[in-house]
Structure formats: structure tokens, C-alpha cells
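Asker: Can you read through this structure? Questions will come right after.
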Amino acid sequence: MEKIRKNGPLISVHHPKLAMVSMLLGAFVGMFSETSLKIALPTLMQALQVNTGTIQWLVTGYMLVIGIVLPLSSLINRWFTTRQVIIFALSDFIIGAAISALGSSFAVVLVGRMIQGIGTGLILPLMFAVVMQIFPPQKIGAVMGMCALVIMFAPAVGPTLTGLILGKLSWNWIFWLFIPFLAIALLFAIASLENVGNVTRPHVDGLSIVESAIGCSGLVIGASLSSRFGWLSVPVITALATGVVVLAFYAHRQLHLAEPILNLRIFKHRAFTIGTGLVMLDFGIILSSMYLLPMYIQNGLLLPVAMAGMIMLPGGVVNAITSAVAGRLYDNVGAKRPALVGVVLALVGVLMLLTTSTRTTVAFVIAAHIILMIGCPLFMAPSQTSALNALPGILSNDGSTILNTMQQVVGAVATAVATSLLELGRRGTAGTAAARFTTGAHYGFYFTLILAIIAFVFVLMIREPENQK
């Protein structure tokens, strides 16, 4: 039995490790679902007989629903118990996966995907919030490292596993694969998960919900459409402008409500603000580079998709190991030192990718990917733990919700920017198709490099507590 401080009083939670299993499995499937489907889009496009612009909505629609649900998760967790929310989220995900797996038309598969997005949007923020409430301070870093492992490992192994499935089975099995993991998670939730939050049933401000949904949708849709229409196109500018303006009204309203849906006042905590910034930058580095790298391997080095998945596998494994270790480093030495080492390694990895060509050896690409995959989790896990640890226990739900909401927005924007720069480089370069694609990938990696440089500046701003110096 563990005892922790939560806004003052001590509470007791039975079997905290078993309680986390359901959320860890659910989060893994959610992140795997978000990233793995991208490699299957050409296959799905042929099977469902739709064009490229239409098939992209299987990714965009999923992220859109997550972006709508995430800002509401803190409110939902004050209206329903932890156990109720997680059991509903896992059941919802199973239903959505089954609908997509059984779908024979694009519309049915899309409906299933959007239902899945509800489950992911509920599980991700609650997982981190629960960690801060059921584990003592000396164990938080290690457990957050395990959570970071889930978040970082799923995108890393997604392309490899999806490639193997498509090589042997039909596309439907991508969705069937989710269900056994979700069923196991559901059993753990029913058997071991307790409520760790306060069900206060606060006033629900309907206007805030509408503003949140419209604002987040505008940003996600605008960023997603940019690769198809261009950043200066009317649809993209309209969607982005709508999102920014509505979110500005939303933020103003939250700061002046007595019972806000999302407590934005927590940004007054300096450590939370810096840690959140680092997590966003890290997520941008990961998603932009992991979008560009497999495409460079296939179109720049002219290697098959199965080989691309295998080349990225060592980095994925190293990523998982480093994520677990990084959490323990926070417990022992704090956030700044591992984060500084991590961001320097990330810079080295990106610079190596910028020196690639159409004749670069596979060994060099693997080495660059491994260095990047060591660096990113080294400053992801400590930064996230430092951010949430700066908040009183009662605010951890709001902090986790903000972190995960911003991750989805940053993920959509980073991928869109990388895509736009890739196309810009390809169109502005002469030579073979492989050479032009390699130059385009370099344009995208310059954006990744800029994010890493900004992250280096943020790391220098970290202030360690006295007991961790």
C-alpha cells in the first residue's frame, strides 16, 4: 500500500503498479494507432477505392477527435471516477477498432477511427495524472520513465509492425491487432483500478466546451490540410485563423471563470512552463524526423518499405530502453543534466541526418537514428516529470491535460511543416528523383534542427530544486 501527498492529506491506494497496467496498455495502443496507420494508407487507399486527400482523414479524423476530447478530460475526471473513465475509454476503443476492422467502406472505417480517438483522448492525460497521485515522490521519475517509454516506443515500432502485418495479412488485421491488448487492459482496469480523483461535479460551462472544440479543430485541420493545399491557401489560413482566434477567447474565458474547464493559471509555475515547452519541442523533433526518415530511406536510398521498417527497429528498441532509464535519472540527479545530454545528442543525430545523400550507407543511417533516439527520451521523460512535479497534486489533472493536448497540436503542426518543406526542397532541386527527394528531406530536417536548438536554450533555463543540485 502506497501513501502519497495529494493537496495536503495522505491517501492510500492498493496495488498502484497493477492499477497502471490498464492505462499503459491503452496508451500504447492509442499512440501505436496514431502513427502506425500512416504506412498503411496506400494499401487502404486501394482497398477502399478513395484518393490520397480522402484517405488522409483516417489520420486527421483520429487526431481531430483526440484534440477535441483532450481539453475536456480534466472536467470529465471531476464528473466521473477514474475507474469509470478508463473502463469506458477502453471499451470505446475496442468498439471503434472492431468497427474499422469490419468496415468495407471508407465511411465505416472513418467512423471507427473517430470512435477510437475518444478512447485515446481520455486515457493519455489520465495516465500521467494518476502517476502523480498514486506514487511517492521518490518513485515518480521511474514510473514517468515507463510512461514515456510507452509514448515514445509506440511510434518507433509502429512502421515495422505494420509493414510486417501488411506483408502477410490484410489491412483489417491492423485493427484486429488492437483488440487483444485492449481486452487485457480492460480486465486489469476492472480488477485493479481504483478511483484516485475527487468527483466534485463542478459547473459545466457550455461556451467553453464549444470554444475548445472549435479552436483545437481549427488548428489540427489547418495543419493537416497544409500539405495538400499549401500554407497560404484559403482553406488552411481560414482554419488556422479560426483556431487561433477562438482559442484566444477560450483562454481569456478560462482565466476569468471561477470554475474553469482547464486551469490555465498553472502556467504561473515556472518549472511547469519550461518543462511543457521542452516536451512540446521534443515531440516536434520526434514526429518530424520519424515522418521524414522512413520516406528518405524508401525514396532517397531506394530501399523497400520492409527494409525501412527494419532499419528503424534498432532505434526503436534503444528508444524504449533509454526512456525507462531517463525516468530513474530524474529521481537521482534531477531534470537538467539528463535533459542537457539528451538535447546535445539529439542535435548530433539531426546533424548526421543532414549529411546524408543517395549513397549513404545503411549503417550510418541506423547510427544517426540511434543517437537521435537516445537523445530525445533523455530530455522527454525528465522534462515531463519536472513539469508535472511542479504542480500541487490537485492540479496534476489540468497539467497532464494541457501537456497531452499541446502534444497533439504540435504533432499535427510539426508533421505538416516537415511535409511542406519536403515538397519545397523536391520542387526546387534538379537531378534524379532520389536526389531531389533527399534534398527535400534535408529541408525538413533543418526544421527539426531548429526545434533542437530552441530546446537547448530551454534546457539552460531549468532550475533544479535545492535537494537535487
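Order determines the names: the first chain of the C-alpha cells is A, the second B, and so forth; residues in each chain are numbered 1 upward, and ligands are numbered 1 upward as they are shown.
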Env of stretch 356-361 of chain A: 7 Å cut, atoms = only C-alpha atoms, seq-sep filter 4 positions within chain, self excluded. Answer as a ChimeraX atom specification.

Answerer: /A:300-301,352,365,434-435,438

Asker: Export, as a PDB file, in the first residue's frame, the selected residues with C-alpha atoms.

Answerer:
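Final output, saved to again.pdb:
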```pdb
ATOM      1  CA  GLY A 300      16.252   8.614 -51.282  1.00  0.00           C
ATOM      2  CA  LEU A 301      18.100   5.353 -50.731  1.00  0.00           C
ATOM      3  CA  MET A 352      24.150  13.436 -39.075  1.00  0.00           C
ATOM      4  CA  VAL A 365      21.514   5.977 -41.091  1.00  0.00           C
ATOM      5  CA  ALA A 434      16.147  10.180 -55.444  1.00  0.00           C
ATOM      6  CA  ALA A 435      18.475  13.197 -55.270  1.00  0.00           C
ATOM      7  CA  THR A 438      16.973  13.631 -50.431  1.00  0.00           C
TER       8      THR A 438
END
```

Asker: Can you pull out every residue within 10 Å of A:Ala418, counting only C-alpha atoms, but drop anything in the same chain fewer than 6 positions away, and send it as a VMD selection string?

Answerer: chain A and resid 227 284 287 to 289 291 to 292 424 440 to 448

Asker: Using DSSP on the backbone, list every residue of stretch 117-292 of chain A that comes out as alpha helix (DSSP H), and give them as a VMD selection string.

Answerer: chain A and resid 117 to 134 137 to 168 172 to 192 206 to 229 234 to 256 270 to 292

Asker: Give me, please, the distance in Å between atom CA of A:Ile285 and atom CA of A:Ala452, quoted to one decimal.

Answerer: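 That distance, rounded to one decimal, is 6.9 Å.
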
Asker: So the first atom is atom CA of A:Val344 and the second is atom CA of A:Val325; what is the distance between them in Å, to one decimal place?

Answerer: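 Atom-to-atom, atom CA of A:Val344 and atom CA of A:Val325 are spaced 17.3 Å apart.
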
Asker: Name the closest residue to A:Glu34 among the candidates A:Gly96, A:Gly158, A:Pro136, A:Gly218; distances are taken between atoms, counting only C-alpha atoms.

Answerer: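 Nearest candidate to A:Glu34 out of A:Gly96, A:Gly158, A:Pro136, A:Gly218: A:Gly158.
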
Asker: When you count only C-alpha atoms, which of these residues is closest to A:Leu219: A:Ile68, A:Val199, A:Leu182, A:Val318?

Answerer: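 Among the listed residues, the smallest separation from A:Leu219 belongs to A:Ile68.
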
Asker: Give me, please, the distance in Å between atom CA of A:Val111 and atom CA of A:Val65, quoted to one decimal.

Answerer: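 Going from atom CA of A:Val111 over to atom CA of A:Val65 covers 10.8 Å.
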
Asker: For stretch 21-28 of chain A, find every residue with an atom within 9 Å (counting only C-alpha atoms), except residues of its own chain fewer than 6 positions away, and show them as a VMD selection string.

Answerer: chain A and resid 86 to 87 89 to 90 93 119 to 120 123 to 124 126 to 127 146 to 147 150 to 151 153 to 154 181 to 182 184 to 190 192 to 193

Asker: Just the selected residues (C-alpha atoms), exported as a short mmCIF file (atom, residue, chain, number, x, y, z; two decimals), in the first residue's frame, please.

Answerer:
```cif
data_model
loop_
_atom_site.label_atom_id
_atom_site.label_comp_id
_atom_site.auth_asym_id
_atom_site.auth_seq_id
_atom_site.Cartn_x
_atom_site.Cartn_y
_atom_site.Cartn_z
CA ILE A 86 -10.78 4.22 -18.05
CA ILE A 87 -13.26 1.33 -18.38
CA ALA A 89 -12.34 4.57 -22.74
CA LEU A 90 -11.02 1.02 -23.22
CA PHE A 93 -11.58 1.83 -28.19
CA GLY A 119 -10.65 6.46 -26.01
CA THR A 120 -7.13 7.76 -26.65
CA ILE A 123 -6.58 7.66 -21.46
CA LEU A 124 -3.45 9.70 -22.24
CA LEU A 126 -5.36 10.50 -17.05
CA MET A 127 -2.37 8.14 -17.14
CA MET A 146 7.86 3.93 -18.08
CA CYS A 147 5.04 6.15 -19.33
CA VAL A 150 5.04 3.84 -23.96
CA ILE A 151 4.61 7.22 -25.66
CA PHE A 153 8.19 3.37 -28.27
CA ALA A 154 4.83 3.03 -30.00
CA PHE A 181 -4.20 -5.68 -25.92
CA LEU A 182 -7.24 -3.55 -25.13
CA ILE A 184 -6.23 -7.35 -21.38
CA ALA A 185 -6.12 -3.69 -20.33
CA LEU A 186 -9.87 -3.76 -19.66
CA LEU A 187 -9.51 -6.82 -17.41
CA PHE A 188 -6.78 -5.08 -15.39
CA ALA A 189 -8.94 -1.95 -15.09
CA ILE A 190 -11.89 -3.96 -13.78
CA SER A 192 -7.15 -3.47 -10.11
CA LEU A 193 -8.02 0.14 -10.87
#
```

Asker: Kindly indicate which residue among A:Ser386, A:His256, A:Ala308, A:Pro202 lies nearest to A:Gly163, using only C-alpha atoms for the distances.

Answerer: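 Of all the options, A:Ala308 lies closest to A:Gly163.
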
Asker: Pick out the residues sitting within 10 Å of A:Asp205, and hand them over as a list in words; count only C-alpha atoms, and ignore anything fewer than 5 positions along from it in its own chain.

Answerer: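 My list of contacting residues is Val210, Arg253, Gln254, Leu257, Glu259, Pro260 and Ile261 of chain A.
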
Asker: So that I have them on file, write out the residues from the current selection with N, CA and C atoms, as an mmCIF file, in the first residue's frame.

Answerer:
```cif
data_model
loop_
_atom_site.group_PDB
_atom_site.id
_atom_site.type_symbol
_atom_site.label_atom_id
_atom_site.label_comp_id
_atom_site.auth_asym_id
_atom_site.auth_seq_id
_atom_site.Cartn_x
_atom_site.Cartn_y
_atom_site.Cartn_z
ATOM 1 N N VAL A 210 -17.617 24.554 -26.394
ATOM 2 C CA VAL A 210 -17.726 24.875 -27.815
ATOM 3 C C VAL A 210 -16.451 25.558 -28.310
ATOM 4 N N ARG A 253 -11.434 33.292 -21.356
ATOM 5 C CA ARG A 253 -12.577 32.869 -20.552
ATOM 6 C C ARG A 253 -12.133 31.982 -19.389
ATOM 7 N N GLN A 254 -11.186 31.064 -19.651
ATOM 8 C CA GLN A 254 -10.732 30.161 -18.585
ATOM 9 C C GLN A 254 -10.045 30.925 -17.460
ATOM 10 N N LEU A 257 -13.023 32.565 -15.328
ATOM 11 C CA LEU A 257 -14.095 31.772 -14.737
ATOM 12 C C LEU A 257 -13.716 31.327 -13.324
ATOM 13 N N GLU A 259 -14.801 28.553 -11.986
ATOM 14 C CA GLU A 259 -14.551 27.119 -12.136
ATOM 15 C C GLU A 259 -14.222 26.822 -13.596
ATOM 16 N N PRO A 260 -12.981 27.079 -14.013
ATOM 17 C CA PRO A 260 -12.628 26.869 -15.422
ATOM 18 C C PRO A 260 -12.606 25.392 -15.787
ATOM 19 N N ILE A 261 -12.885 25.092 -17.042
ATOM 20 C CA ILE A 261 -12.778 23.721 -17.525
ATOM 21 C C ILE A 261 -11.316 23.286 -17.532
#
```

Asker: So, with only C-alpha atoms as the atoms that count, which of A:Val244, A:Leu421, A:Val220, A:Leu303 lies closest to A:Ile66?

Answerer: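 Closest candidate: A:Val220.
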
Asker: From the options A:Thr273, A:Thr162, A:Thr82, A:Thr200, which residue's atoms come nearest to A:Leu41, counting only C-alpha atoms?

Answerer: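 Closest to A:Leu41 of all the choices is A:Thr162.
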
Asker: Write out as a PyMOL selection string each polymer residue whose atoms come within 9 Å of A:Phe80, counting only C-alpha atoms; drop sequence neighbours fewer than 3 positions from it.

Answerer: chain A and resi 75-77+83-85+197-201

Asker: Would you save the residues of that selection, restricted to C-alpha atoms, as a compact mmCIF listing (two decimals), in the first residue's frame?

Answerer:
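And here is the file that came out, result_9.txt:
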```
# COMPACT_ATOMS: atom_id res chain seq x y z
CA LEU A 75 -13.56 18.22 -16.47
CA ILE A 76 -14.65 14.65 -17.23
CA ASN A 77 -12.35 13.36 -14.47
CA ARG A 83 -12.30 3.65 -12.87
CA GLN A 84 -15.42 4.70 -14.81
CA VAL A 85 -13.44 6.84 -17.27
CA GLY A 197 -9.53 11.63 -8.10
CA ASN A 198 -12.14 13.84 -6.49
CA VAL A 199 -15.60 13.65 -8.07
CA THR A 200 -16.81 17.19 -7.39
CA ARG A 201 -19.20 17.61 -10.35
```

Asker: What lies within 8 Å of A:Asp282 using only C-alpha atoms, ignoring chain neighbours under 6 positions off, as a PyMOL selection string?

Answerer: chain A and resi 376+379-380+451-452+455

Asker: Could you list, as an MDAnalysis selection string, every residue within 6 Å of A:Leu48, counting only C-alpha atoms and ignoring same-chain residues fewer than 2 positions away?

Answerer: chainID A and resid 44:46 50 105:106

Asker: Only C-alpha atoms, please: the residues just picked out, written as a JSON list (two decimals), in the first residue's frame.

Answerer:
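Contents of part23.json, freshly written:
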```json
[["chain", "number", "residue", "atom", "x", "y", "z"],
["A", 44, "LEU", "CA", -6.11, 1.34, -47.61],
["A", 45, "MET", "CA", -6.49, 3.81, -50.48],
["A", 46, "GLN", "CA", -6.59, 0.95, -52.97],
["A", 50, "VAL", "CA", -10.53, 6.59, -52.41],
["A", 105, "SER", "CA", -16.24, 1.25, -46.98],
["A", 106, "PHE", "CA", -14.24, 4.36, -46.18]]
```

Asker: Taking only C-alpha atoms into account, name the residue in A:Gly206, A:Gly222, A:Pro125, A:Gly112 that is nearest to A:Val417.

Answerer: A:Gly222
